[in-house]
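Q: Following this line is final.cif, made up of mmCIF, C-alpha atoms:
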```
data_work
loop_
_atom_site.group_PDB
_atom_site.id
_atom_site.type_symbol
_atom_site.label_atom_id
_atom_site.label_comp_id
_atom_site.auth_asym_id
_atom_site.auth_seq_id
_atom_site.Cartn_x
_atom_site.Cartn_y
_atom_site.Cartn_z
ATOM 1 C CA MET A 1 -34.778 68.517 -30.124
ATOM 2 C CA SER A 2 -31.075 69.315 -29.750
ATOM 3 C CA GLU A 3 -28.985 69.696 -26.655
ATOM 4 C CA ALA A 4 -25.619 71.352 -25.999
ATOM 5 C CA GLU A 5 -23.214 71.314 -23.088
ATOM 6 C CA ALA A 6 -22.140 74.566 -21.473
ATOM 7 C CA TRP A 7 -20.590 76.060 -18.340
ATOM 8 C CA LEU A 8 -22.631 78.179 -15.982
ATOM 9 C CA LEU A 9 -20.474 80.988 -14.567
ATOM 10 C CA GLU A 10 -21.140 82.667 -11.215
ATOM 11 C CA LEU A 11 -19.952 86.252 -11.649
ATOM 12 C CA GLY A 12 -21.000 87.836 -8.346
ATOM 13 C CA SER A 13 -23.994 89.971 -7.245
ATOM 14 C CA ASP A 14 -26.388 87.294 -8.594
ATOM 15 C CA LEU A 15 -24.929 87.712 -12.076
ATOM 16 C CA ARG A 16 -24.766 84.453 -13.996
ATOM 17 C CA ALA A 17 -23.952 83.677 -17.607
ATOM 18 C CA ALA A 18 -23.078 80.659 -19.686
ATOM 19 C CA VAL A 19 -20.322 79.888 -22.170
ATOM 20 C CA GLY A 20 -19.936 76.968 -24.550
ATOM 21 C CA LEU A 21 -18.180 73.863 -23.295
ATOM 22 C CA TRP A 22 -15.068 74.492 -25.425
ATOM 23 C CA GLU A 23 -14.856 78.190 -24.663
ATOM 24 C CA LEU A 24 -13.654 77.579 -21.103
ATOM 25 C CA ILE A 25 -9.950 76.837 -21.517
ATOM 26 C CA HIS A 26 -8.570 76.827 -17.983
ATOM 27 C CA LEU A 27 -9.381 77.713 -14.365
ATOM 28 C CA ILE A 28 -6.888 79.414 -12.058
ATOM 29 C CA PRO A 29 -7.766 78.887 -8.383
ATOM 30 C CA ASP A 30 -4.759 80.706 -6.900
ATOM 31 C CA PRO A 31 -4.643 84.308 -8.034
ATOM 32 C CA PRO A 32 -1.641 84.944 -10.281
ATOM 33 C CA LYS A 33 0.419 88.127 -10.036
ATOM 34 C CA LEU A 34 -1.794 90.856 -11.462
ATOM 35 C CA PHE A 35 -0.386 93.934 -13.195
ATOM 36 C CA GLU A 36 -2.381 97.159 -13.053
ATOM 37 C CA ILE A 37 -2.390 99.058 -16.364
ATOM 38 C CA PRO A 38 -3.111 102.802 -15.996
ATOM 39 C CA ARG A 39 -5.830 104.641 -17.950
ATOM 40 C CA CYS A 40 -7.898 101.518 -18.636
ATOM 41 C CA PRO A 41 -11.600 100.967 -17.882
ATOM 42 C CA PRO A 42 -12.021 100.003 -14.185
ATOM 43 C CA TYR A 43 -13.598 96.653 -15.118
ATOM 44 C CA CYS A 44 -10.593 95.631 -17.196
ATOM 45 C CA SER A 45 -7.489 97.357 -15.862
ATOM 46 C CA ARG A 46 -5.431 94.293 -14.896
ATOM 47 C CA VAL A 47 -3.476 91.714 -16.843
ATOM 48 C CA PHE A 48 -1.570 88.578 -15.900
ATOM 49 C CA LEU A 49 0.829 86.169 -17.514
ATOM 50 C CA TRP A 50 -0.358 82.730 -18.542
ATOM 51 C CA GLN A 51 1.765 80.400 -20.660
ATOM 52 C CA GLU A 52 3.893 83.298 -21.965
ATOM 53 C CA GLU A 53 0.810 85.302 -22.977
ATOM 54 C CA ILE A 54 -0.467 88.523 -21.423
ATOM 55 C CA LEU A 55 -4.195 88.119 -20.737
ATOM 56 C CA PRO A 56 -6.694 90.861 -19.809
ATOM 57 C CA LEU A 57 -8.743 90.161 -16.671
ATOM 58 C CA MET A 58 -12.323 91.444 -16.738
ATOM 59 C CA ASP A 59 -14.734 91.773 -13.827
ATOM 60 C CA LEU A 60 -18.283 91.607 -15.200
ATOM 61 C CA GLN A 61 -19.802 92.667 -11.898
ATOM 62 C CA THR A 62 -17.924 95.945 -12.315
ATOM 63 C CA ARG A 63 -18.633 96.244 -16.023
ATOM 64 C CA LEU A 64 -22.390 95.638 -15.805
ATOM 65 C CA LEU A 65 -23.344 96.753 -12.312
ATOM 66 C CA HIS A 66 -20.557 99.249 -11.554
ATOM 67 C CA GLN A 67 -19.617 97.327 -8.404
ATOM 68 C CA PRO A 68 -16.066 97.688 -7.052
ATOM 69 C CA VAL A 69 -13.482 95.332 -8.539
ATOM 70 C CA GLN A 70 -12.523 92.311 -6.416
ATOM 71 C CA PRO A 71 -8.950 93.217 -5.378
ATOM 72 C CA VAL A 72 -7.952 89.543 -5.141
ATOM 73 C CA PRO A 73 -10.078 87.339 -7.392
ATOM 74 C CA LYS A 74 -11.178 84.018 -5.870
ATOM 75 C CA LEU A 75 -11.107 82.238 -9.178
ATOM 76 C CA ILE A 76 -10.151 83.163 -12.742
ATOM 77 C CA ALA A 77 -11.595 81.552 -15.861
ATOM 78 C CA ILE A 78 -9.529 81.711 -19.048
ATOM 79 C CA LEU A 79 -11.804 81.799 -22.067
ATOM 80 C CA GLY A 80 -11.047 81.324 -25.746
ATOM 81 C CA TYR A 81 -12.914 83.021 -28.566
ATOM 82 C CA GLY A 82 -12.660 84.169 -32.165
ATOM 83 C CA GLU A 83 -11.163 82.592 -35.258
ATOM 84 C CA GLU A 84 -7.579 83.360 -34.159
ATOM 85 C CA GLY A 85 -8.029 81.709 -30.772
ATOM 86 C CA GLN A 86 -7.823 84.901 -28.729
ATOM 87 C CA LEU A 87 -7.848 84.560 -24.946
ATOM 88 C CA GLY A 88 -9.430 86.631 -22.204
ATOM 89 C CA ALA A 89 -10.176 86.034 -18.535
ATOM 90 C CA LEU A 90 -13.097 86.638 -16.190
ATOM 91 C CA THR A 91 -13.203 86.724 -12.404
ATOM 92 C CA LEU A 92 -15.576 84.112 -10.941
ATOM 93 C CA ARG A 93 -16.990 83.668 -7.454
ATOM 94 C CA THR A 94 -17.375 79.875 -7.498
ATOM 95 C CA PRO A 95 -16.248 77.040 -9.774
ATOM 96 C CA PRO A 96 -18.311 76.827 -12.982
ATOM 97 C CA LEU A 97 -21.153 74.335 -13.195
ATOM 98 C CA ARG A 98 -21.362 72.019 -16.185
ATOM 99 C CA ILE A 99 -24.896 72.060 -17.580
ATOM 100 C CA ARG A 100 -26.915 70.846 -20.563
ATOM 101 C CA VAL A 101 -29.096 73.292 -22.474
ATOM 102 C CA ARG A 102 -31.936 72.172 -24.743
ATOM 103 C CA ASP A 103 -33.454 74.167 -27.602
ATOM 104 C CA GLU A 104 -36.787 74.496 -25.860
ATOM 105 C CA GLN A 105 -35.133 76.341 -22.937
ATOM 106 C CA ALA A 106 -34.479 79.339 -25.225
ATOM 107 C CA CYS A 107 -36.076 82.547 -23.969
ATOM 108 C CA ALA A 108 -35.886 86.282 -24.483
ATOM 109 C CA LEU A 109 -33.488 88.358 -22.391
ATOM 110 C CA PRO A 110 -35.653 89.760 -19.574
ATOM 111 C CA GLU A 111 -36.024 93.549 -19.425
ATOM 112 C CA GLU A 112 -34.358 93.685 -16.014
ATOM 113 C CA GLN A 113 -31.229 92.138 -17.562
ATOM 114 C CA VAL A 114 -30.971 94.684 -20.365
ATOM 115 C CA HIS A 115 -27.357 95.435 -19.257
ATOM 116 C CA TRP A 116 -26.393 92.102 -20.847
ATOM 117 C CA GLN A 117 -27.707 92.999 -24.294
ATOM 118 C CA ARG A 118 -24.376 94.035 -25.892
ATOM 119 C CA PHE A 119 -22.636 90.891 -24.763
ATOM 120 C CA THR A 120 -25.233 88.174 -25.276
ATOM 121 C CA LEU A 121 -25.682 85.699 -28.111
ATOM 122 C CA ALA A 122 -28.872 84.133 -26.744
ATOM 123 C CA CYS A 123 -30.629 83.383 -23.485
ATOM 124 C CA PHE A 124 -32.133 80.286 -21.895
ATOM 125 C CA LEU A 125 -34.304 79.454 -18.924
ATOM 126 C CA HIS A 126 -32.486 77.570 -16.164
ATOM 127 C CA GLU A 127 -34.671 75.652 -13.709
ATOM 128 C CA ASP A 128 -32.930 77.150 -10.648
ATOM 129 C CA TYR A 129 -31.633 80.503 -11.833
ATOM 130 C CA GLY A 130 -34.214 81.728 -14.347
ATOM 131 C CA ALA A 131 -33.054 83.481 -17.526
ATOM 132 C CA VAL A 132 -29.317 82.974 -18.137
ATOM 133 C CA PRO A 133 -27.548 84.868 -20.950
ATOM 134 C CA ILE A 134 -25.052 83.060 -23.185
ATOM 135 C CA LEU A 135 -21.943 85.233 -23.454
ATOM 136 C CA ASP A 136 -20.732 86.693 -26.740
ATOM 137 C CA LEU A 137 -17.036 86.542 -25.824
ATOM 138 C CA GLN A 138 -15.952 88.312 -29.002
ATOM 139 C CA GLY A 139 -18.265 91.219 -28.179
ATOM 140 C CA LEU A 140 -17.105 91.242 -24.586
ATOM 141 C CA PHE A 141 -13.367 91.302 -25.192
ATOM 142 C CA ALA A 142 -13.203 93.092 -28.544
ATOM 143 C CA SER A 143 -14.187 96.558 -27.328
ATOM 144 C CA PRO A 144 -14.011 98.665 -24.149
ATOM 145 C CA MET B 1 0.711 90.355 -33.968
ATOM 146 C CA SER B 2 3.895 91.090 -32.038
ATOM 147 C CA GLU B 3 6.644 93.613 -32.825
ATOM 148 C CA THR B 4 10.248 93.538 -31.611
ATOM 149 C CA LEU B 5 12.042 96.792 -30.697
ATOM 150 C CA GLU B 6 14.791 97.934 -28.354
ATOM 151 C CA TYR B 7 13.284 99.715 -25.378
ATOM 152 C CA ALA B 8 14.255 101.844 -22.402
ATOM 153 C CA LEU B 9 12.372 101.149 -19.184
ATOM 154 C CA LEU B 10 11.234 104.249 -17.278
ATOM 155 C CA SER B 11 10.300 103.479 -13.670
ATOM 156 C CA ILE B 12 7.614 105.828 -12.341
ATOM 157 C CA ASP B 13 6.799 104.540 -8.845
ATOM 158 C CA ALA B 14 5.172 101.129 -9.540
ATOM 159 C CA LEU B 15 4.627 101.898 -13.241
ATOM 160 C CA SER B 16 7.077 100.274 -15.654
ATOM 161 C CA LEU B 17 6.878 102.224 -18.877
ATOM 162 C CA LEU B 18 8.756 101.191 -22.012
ATOM 163 C CA LEU B 19 9.694 103.674 -24.716
ATOM 164 C CA PRO B 20 11.597 102.884 -27.918
ATOM 165 C CA GLN B 21 15.262 103.736 -27.313
ATOM 166 C CA ARG B 22 15.492 105.562 -30.640
ATOM 167 C CA GLN B 23 12.951 108.150 -29.385
ATOM 168 C CA ILE B 24 15.167 109.178 -26.460
ATOM 169 C CA GLU B 25 17.383 112.199 -27.160
ATOM 170 C CA LEU B 26 19.214 112.373 -23.843
ATOM 171 C CA LEU B 27 18.995 111.967 -20.086
ATOM 172 C CA GLU B 28 19.448 114.918 -17.742
ATOM 173 C CA PRO B 29 19.345 115.234 -13.943
ATOM 174 C CA ALA B 30 15.888 116.401 -12.803
ATOM 175 C CA LEU B 31 17.673 119.151 -10.850
ATOM 176 C CA GLU B 32 18.145 120.942 -14.181
ATOM 177 C CA VAL B 33 14.371 121.368 -14.572
ATOM 178 C CA ARG B 34 13.076 124.778 -13.585
ATOM 179 C CA TYR B 35 9.491 125.511 -12.633
ATOM 180 C CA GLU B 36 7.438 128.620 -13.183
ATOM 181 C CA GLU B 37 3.657 128.838 -12.774
ATOM 182 C CA GLU B 38 2.605 126.100 -15.193
ATOM 183 C CA PRO B 39 1.766 122.546 -14.034
ATOM 184 C CA PHE B 40 4.978 121.414 -15.752
ATOM 185 C CA GLY B 41 8.628 122.420 -15.837
ATOM 186 C CA TRP B 42 11.158 123.524 -18.420
ATOM 187 C CA ILE B 43 14.610 122.313 -19.297
ATOM 188 C CA GLU B 44 17.191 124.035 -21.463
ATOM 189 C CA VAL B 45 19.802 121.855 -23.108
ATOM 190 C CA SER B 46 22.938 123.186 -24.882
ATOM 191 C CA GLY B 47 21.539 126.658 -25.469
ATOM 192 C CA LYS B 48 18.484 125.368 -27.400
ATOM 193 C CA GLU B 49 14.917 126.575 -26.855
ATOM 194 C CA PRO B 50 13.597 125.365 -23.471
ATOM 195 C CA SER B 51 11.541 122.158 -23.658
ATOM 196 C CA PRO B 52 8.532 121.366 -21.455
ATOM 197 C CA VAL B 53 9.000 118.639 -18.825
ATOM 198 C CA TYR B 54 6.070 116.604 -17.469
ATOM 199 C CA CYS B 55 5.896 114.628 -14.257
ATOM 200 C CA PHE B 56 3.376 111.788 -14.117
ATOM 201 C CA SER B 57 2.066 109.653 -11.269
ATOM 202 C CA GLN B 58 1.996 105.860 -11.647
ATOM 203 C CA GLN B 59 -1.653 106.277 -12.766
ATOM 204 C CA LEU B 60 -0.409 108.757 -15.391
ATOM 205 C CA ALA B 61 -1.987 111.814 -13.827
ATOM 206 C CA LEU B 62 0.059 115.024 -14.074
ATOM 207 C CA LEU B 63 1.945 115.674 -10.829
ATOM 208 C CA HIS B 64 2.986 119.136 -9.744
ATOM 209 C CA PRO B 65 5.280 119.703 -7.951
ATOM 210 C CA ALA B 66 7.392 116.703 -8.875
ATOM 211 C CA PRO B 67 8.370 114.411 -5.975
ATOM 212 C CA ALA B 68 12.070 114.420 -5.081
ATOM 213 C CA HIS B 69 12.585 110.795 -6.141
ATOM 214 C CA ARG B 70 11.864 111.632 -9.791
ATOM 215 C CA ARG B 71 15.573 112.174 -10.286
ATOM 216 C CA ILE B 72 15.944 111.747 -14.036
ATOM 217 C CA CYS B 73 14.574 113.783 -16.906
ATOM 218 C CA VAL B 74 14.261 111.750 -20.111
ATOM 219 C CA LEU B 75 14.224 114.075 -23.102
ATOM 220 C CA LEU B 76 12.108 112.591 -25.898
ATOM 221 C CA ASP B 77 12.045 113.412 -29.569
ATOM 222 C CA ALA B 78 8.484 114.236 -30.723
ATOM 223 C CA PRO B 79 7.362 115.784 -34.030
ATOM 224 C CA LYS B 80 6.363 119.025 -32.279
ATOM 225 C CA GLY B 81 9.749 119.291 -30.602
ATOM 226 C CA PRO B 82 11.581 117.661 -27.713
ATOM 227 C CA PHE B 83 9.947 117.329 -24.305
ATOM 228 C CA GLY B 84 10.886 115.698 -21.021
ATOM 229 C CA ILE B 85 9.371 113.058 -18.763
ATOM 230 C CA LEU B 86 10.543 112.729 -15.163
ATOM 231 C CA CYS B 87 11.164 109.246 -13.824
ATOM 232 C CA ASP B 88 12.816 107.505 -10.882
ATOM 233 C CA GLN B 89 15.115 105.262 -12.882
ATOM 234 C CA VAL B 90 15.953 104.376 -16.494
ATOM 235 C CA THR B 91 17.066 100.897 -17.596
ATOM 236 C CA LEU B 92 18.050 99.857 -21.102
ATOM 237 C CA MET B 93 16.135 96.687 -21.919
ATOM 238 C CA GLY B 94 17.349 95.572 -25.310
ATOM 239 C CA SER B 95 14.924 93.812 -27.649
ATOM 240 C CA LEU B 96 11.496 92.901 -26.366
ATOM 241 C CA SER B 97 8.548 91.440 -28.143
ATOM 242 C CA SER B 98 5.349 93.422 -27.641
ATOM 243 C CA VAL B 99 1.636 92.986 -28.220
ATOM 244 C CA PRO B 100 -1.006 95.690 -28.689
ATOM 245 C CA LEU B 101 -3.089 96.650 -25.660
ATOM 246 C CA PRO B 102 -6.058 94.207 -25.534
ATOM 247 C CA PRO B 103 -9.093 95.874 -27.189
ATOM 248 C CA ALA B 104 -11.220 95.705 -24.008
ATOM 249 C CA MET B 105 -8.595 97.852 -22.242
ATOM 250 C CA ARG B 106 -8.353 100.607 -24.843
ATOM 251 C CA VAL B 107 -9.911 103.980 -24.146
ATOM 252 C CA PRO B 108 -9.521 106.896 -26.574
ATOM 253 C CA ASP B 109 -7.157 108.975 -24.445
ATOM 254 C CA THR B 110 -4.759 106.282 -23.304
ATOM 255 C CA PRO B 111 -1.058 106.751 -24.045
ATOM 256 C CA ILE B 112 -0.522 103.005 -23.442
ATOM 257 C CA LEU B 113 -0.144 101.418 -26.860
ATOM 258 C CA GLY B 114 0.928 97.907 -25.974
ATOM 259 C CA LEU B 115 2.329 95.489 -23.428
ATOM 260 C CA ALA B 116 5.466 93.383 -23.176
ATOM 261 C CA HIS B 117 6.830 90.913 -20.677
ATOM 262 C CA GLN B 118 10.148 89.550 -19.501
ATOM 263 C CA GLU B 119 10.922 87.258 -16.574
ATOM 264 C CA GLN B 120 7.437 87.301 -15.050
ATOM 265 C CA GLN B 121 7.185 91.093 -15.306
ATOM 266 C CA VAL B 122 4.695 92.956 -17.491
ATOM 267 C CA PHE B 123 5.551 96.375 -18.912
ATOM 268 C CA CYS B 124 3.423 99.091 -20.507
ATOM 269 C CA ILE B 125 4.554 100.464 -23.859
ATOM 270 C CA SER B 126 4.108 104.029 -25.013
ATOM 271 C CA SER B 127 5.788 106.366 -27.489
ATOM 272 C CA ALA B 128 7.025 109.959 -27.488
ATOM 273 C CA GLN B 129 4.156 111.011 -29.757
ATOM 274 C CA ALA B 130 1.494 109.263 -27.622
ATOM 275 C CA LEU B 131 2.847 110.808 -24.406
ATOM 276 C CA TRP B 132 3.047 114.254 -26.005
ATOM 277 C CA ASN B 133 -0.582 114.030 -27.187
ATOM 278 C CA TYR B 134 -1.677 112.694 -23.818
ATOM 279 C CA ALA B 135 0.083 115.446 -21.829
ATOM 280 C CA GLU B 136 -1.370 118.081 -24.160
ATOM 281 C CA ARG B 137 -4.906 116.708 -23.594
ATOM 282 C CA LEU B 138 -4.420 116.662 -19.821
ATOM 283 C CA LEU B 139 -3.267 120.278 -19.873
ATOM 284 C CA LEU B 140 -6.259 121.327 -21.978
ATOM 285 C CA GLN B 141 -8.597 119.472 -19.608
ATOM 286 C CA ASP B 142 -6.892 121.257 -16.725
ATOM 287 C CA GLN B 143 -7.770 124.534 -18.396
ATOM 288 C CA GLY B 144 -11.361 123.355 -19.049
ATOM 289 C CA ILE B 145 -10.898 123.164 -22.814
ATOM 290 C CA GLN B 146 -12.259 120.180 -24.742
ATOM 291 C CA ALA B 147 -9.348 118.506 -26.519
ATOM 292 C CA THR B 148 -9.723 117.388 -30.126
ATOM 293 C CA SER B 149 -8.429 114.025 -31.312
ATOM 294 C CA PRO B 150 -4.887 114.182 -32.696
#
```
As structure tokens, what does this structure read like?
A:
Amino acid sequence: MSEAEAWLLELGSDLRAAVGLWELIHLIPDPPKLFEIPRCPPYCSRVFLWQEEILPLMDLQTRLLHQPVQPVPKLIAILGYGEEGQLGALTLRTPPLRIRVRDEQACALPEEQVHWQRFTLACFLHEDYGAVPILDLQGLFASP
Amino acid sequence: MSETLEYALLSIDALSLLLPQRQIELLEPALEVRYEEEPFGWIEVSGKEPSPVYCFSQQLALLHPAPAHRRICVLLDAPKGPFGILCDQVTLMGSLSSVPLPPAMRVPDTPILGLAHQEQQVFCISSAQALWNYAERLLLQDQGIQATSP
């Protein structure tokens, strides 16, 4: 039986997902200056500066459920992915929760969460929240 | 991977658009642009064939008529011939390091090719060719014609 640590992310509208412990790089509680880039998808049309890098800010509630974008995000999570250490950011509603996930919690992605399919590596059953997808950050940030 | 080029900054309301300086042929007052029935204008420079002039909003939609504060016409050198873009202000920026537009932000018809920053400001980068293709697609869409990829 193996166990791994992860972060549970609250993305709004009852959307939750997990990322690996080392994939969450930094949390920004005070919204930075956001720059609107024209002709981009509505869920990822803003960027901000962090440590001399320009990072895209994605709203998964907008991407998956077509909800309006939060004009001023409450919290931003900077995530790292890929072999070259690329960075991307997601808007969160609450601070992430550190959790442990065991092999036997693995489950199939429920049919009602089919919108996650493109962006999910696996799924597990959380005792409070039910099926929680594990994000494929490369898939999420590598294409519109 | 980043690239370093000398840019000119075109201010279009809140949009800060960078274009490589070498793609700019000349700057003319927007008063020189004449309008007929098309959703764009024309400018004639030194007795040459008139060149089309486009006015964009900060969301890069075609604007017609052009607002009065678009005071400058930037004439760009594109393979299909020169064309103009109206803007509020032009600033020479010198060398800036740029990065490509993040993949999650790329849609097929975007004229935004990359981003750059300086002193806590972020700028969009385009090119004469990308803006020409983009304006052409918008005009075709306006006429209800499906544009083909360049």
Q: Near chain A, which residues of chain B fall within 6 Å when you count only C-alpha atoms, and what do they look like as a list in words?
A: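 Matching residues, ligands excluded from the count: Gln59, Pro103, Ala104, Met105 and Thr110 of chain B.
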Q: What gap, in Å, lies between CA of Glu111 (chain A) and CA of Thr94 (chain A)?
A: 26.0 Å
Q: Fewer than 5 positions away in the same chain doesn't count, so skip those; otherwise give me all residues within 7 Å of Glu3 (chain A), counting all atoms listed in the file, as a PyMOL selection string.
A: chain A and resi 100-103
Q: Evaluate the PyMOL selection byres ((chain B and resi 24) around 9) here and jot the selected residues down as a ChimeraX atom specification.
A: /B:8,19-23,25-27,74-77,128
Q: Would you translate the PyMOL selection byres ((chain B and resi 113) around 9) into the concrete set of residues it matches in this file, as a ChimeraX atom specification?
A: /B:99-101,106,110-112,114-115,124-127,130
Q: Which residues match the PyMOL selection byres ((chain B and resi 64) around 10) in the file above, as a PDB file with C-alpha atoms, keeping the file's coordinate frame?
A:
```
ATOM      1  CA  TYR B  35       9.491 125.511 -12.633  1.00  0.00           C
ATOM      2  CA  GLU B  38       2.605 126.100 -15.193  1.00  0.00           C
ATOM      3  CA  PRO B  39       1.766 122.546 -14.034  1.00  0.00           C
ATOM      4  CA  PHE B  40       4.978 121.414 -15.752  1.00  0.00           C
ATOM      5  CA  GLY B  41       8.628 122.420 -15.837  1.00  0.00           C
ATOM      6  CA  TYR B  54       6.070 116.604 -17.469  1.00  0.00           C
ATOM      7  CA  CYS B  55       5.896 114.628 -14.257  1.00  0.00           C
ATOM      8  CA  PHE B  56       3.376 111.788 -14.117  1.00  0.00           C
ATOM      9  CA  SER B  57       2.066 109.653 -11.269  1.00  0.00           C
ATOM     10  CA  ALA B  61      -1.987 111.814 -13.827  1.00  0.00           C
ATOM     11  CA  LEU B  62       0.059 115.024 -14.074  1.00  0.00           C
ATOM     12  CA  LEU B  63       1.945 115.674 -10.829  1.00  0.00           C
ATOM     13  CA  PRO B  65       5.280 119.703  -7.951  1.00  0.00           C
ATOM     14  CA  ALA B  66       7.392 116.703  -8.875  1.00  0.00           C
ATOM     15  CA  PRO B  67       8.370 114.411  -5.975  1.00  0.00           C
TER      16      PRO B  67
END
```
Q: Can you work out the spacing between CA of Cys107 (chain A) and CA of Leu125 (chain A) in Å, to one decimal?
A: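 That distance, rounded to one decimal, is 6.2 Å.
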Q: Rounded to one decimal place, report the CA of Ser98 (chain B)-CA of Gln51 (chain A) distance in Å.
A: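 The value is 15.2 Å.
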Q: Please return as JSON, numbers by chain every residue within 12 Å of (-26.3, 87.2, -27.5), taking into account all atoms listed in the file and the file's own coordinates.
A: {"A": [17, 18, 19, 106, 107, 108, 109, 114, 115, 116, 117, 118, 119, 120, 121, 122, 123, 124, 132, 133, 134, 135, 136, 137, 138, 139, 140]}
Q: So, counting all atoms listed in the file, which residue among B:Ser46, B:Gln120, B:Gln58, B:Ser95 is closest to Leu5 (chain B)?
A: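 Going through B:Ser46, B:Gln120, B:Gln58, B:Ser95 one by one, the smallest distance to Leu5 (chain B) is for B:Ser95.
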Q: Using only C-alpha atoms, list the residues that have an atom at most 6 Å from (-22.5, 74.4, -24.1), coordinates as in the file, as a list in words.
A: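 Every polymer residue passing the test: Ala4, Glu5, Ala6, Gly20 and Leu21 of chain A.
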Q: Measuring atom to atom with only C-alpha atoms, identify which of B:Leu139, B:Arg34, B:Gly47, B:Ala116 is nearest to Pro102 (chain B).
A: B:Ala116
Q: Taking 2 positions as the minimum chain separation for residues in the same chain, which residues sit within 8 Å of Leu96 (chain B) when counting all atoms listed in the file? Answer as a CSV table (one decimal) with C-alpha atoms, in the frame of the given file.
A:
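Output saved as result_24.csv:
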```csv
chain,number,residue,atom,x,y,z
B,4,THR,CA,10.2,93.5,-31.6
B,5,LEU,CA,12.0,96.8,-30.7
B,6,GLU,CA,14.8,97.9,-28.4
B,7,TYR,CA,13.3,99.7,-25.4
B,93,MET,CA,16.1,96.7,-21.9
B,94,GLY,CA,17.3,95.6,-25.3
B,98,SER,CA,5.3,93.4,-27.6
B,116,ALA,CA,5.5,93.4,-23.2
B,117,HIS,CA,6.8,90.9,-20.7
B,118,GLN,CA,10.1,89.6,-19.5
```
Q: Centre and edge lengths, as lines of an AutoDock Vina configuration file, for the axis-aligned box enclosing every listed atom of region 10-29 of chain B with 8 Å of padding on each of the six sides, in Å to one decimal?
A:
```
center_x = 12.0
center_y = 107.8
center_z = -19.7
size_x = 30.8
size_y = 31.0
size_z = 37.8
```
Q: Return the single residue from B:Ser11, B:Gly84, B:Ser97, B:His69 that is closest to Glu44 (chain B), with distances computed using all atoms listed in the file.
A: B:Gly84
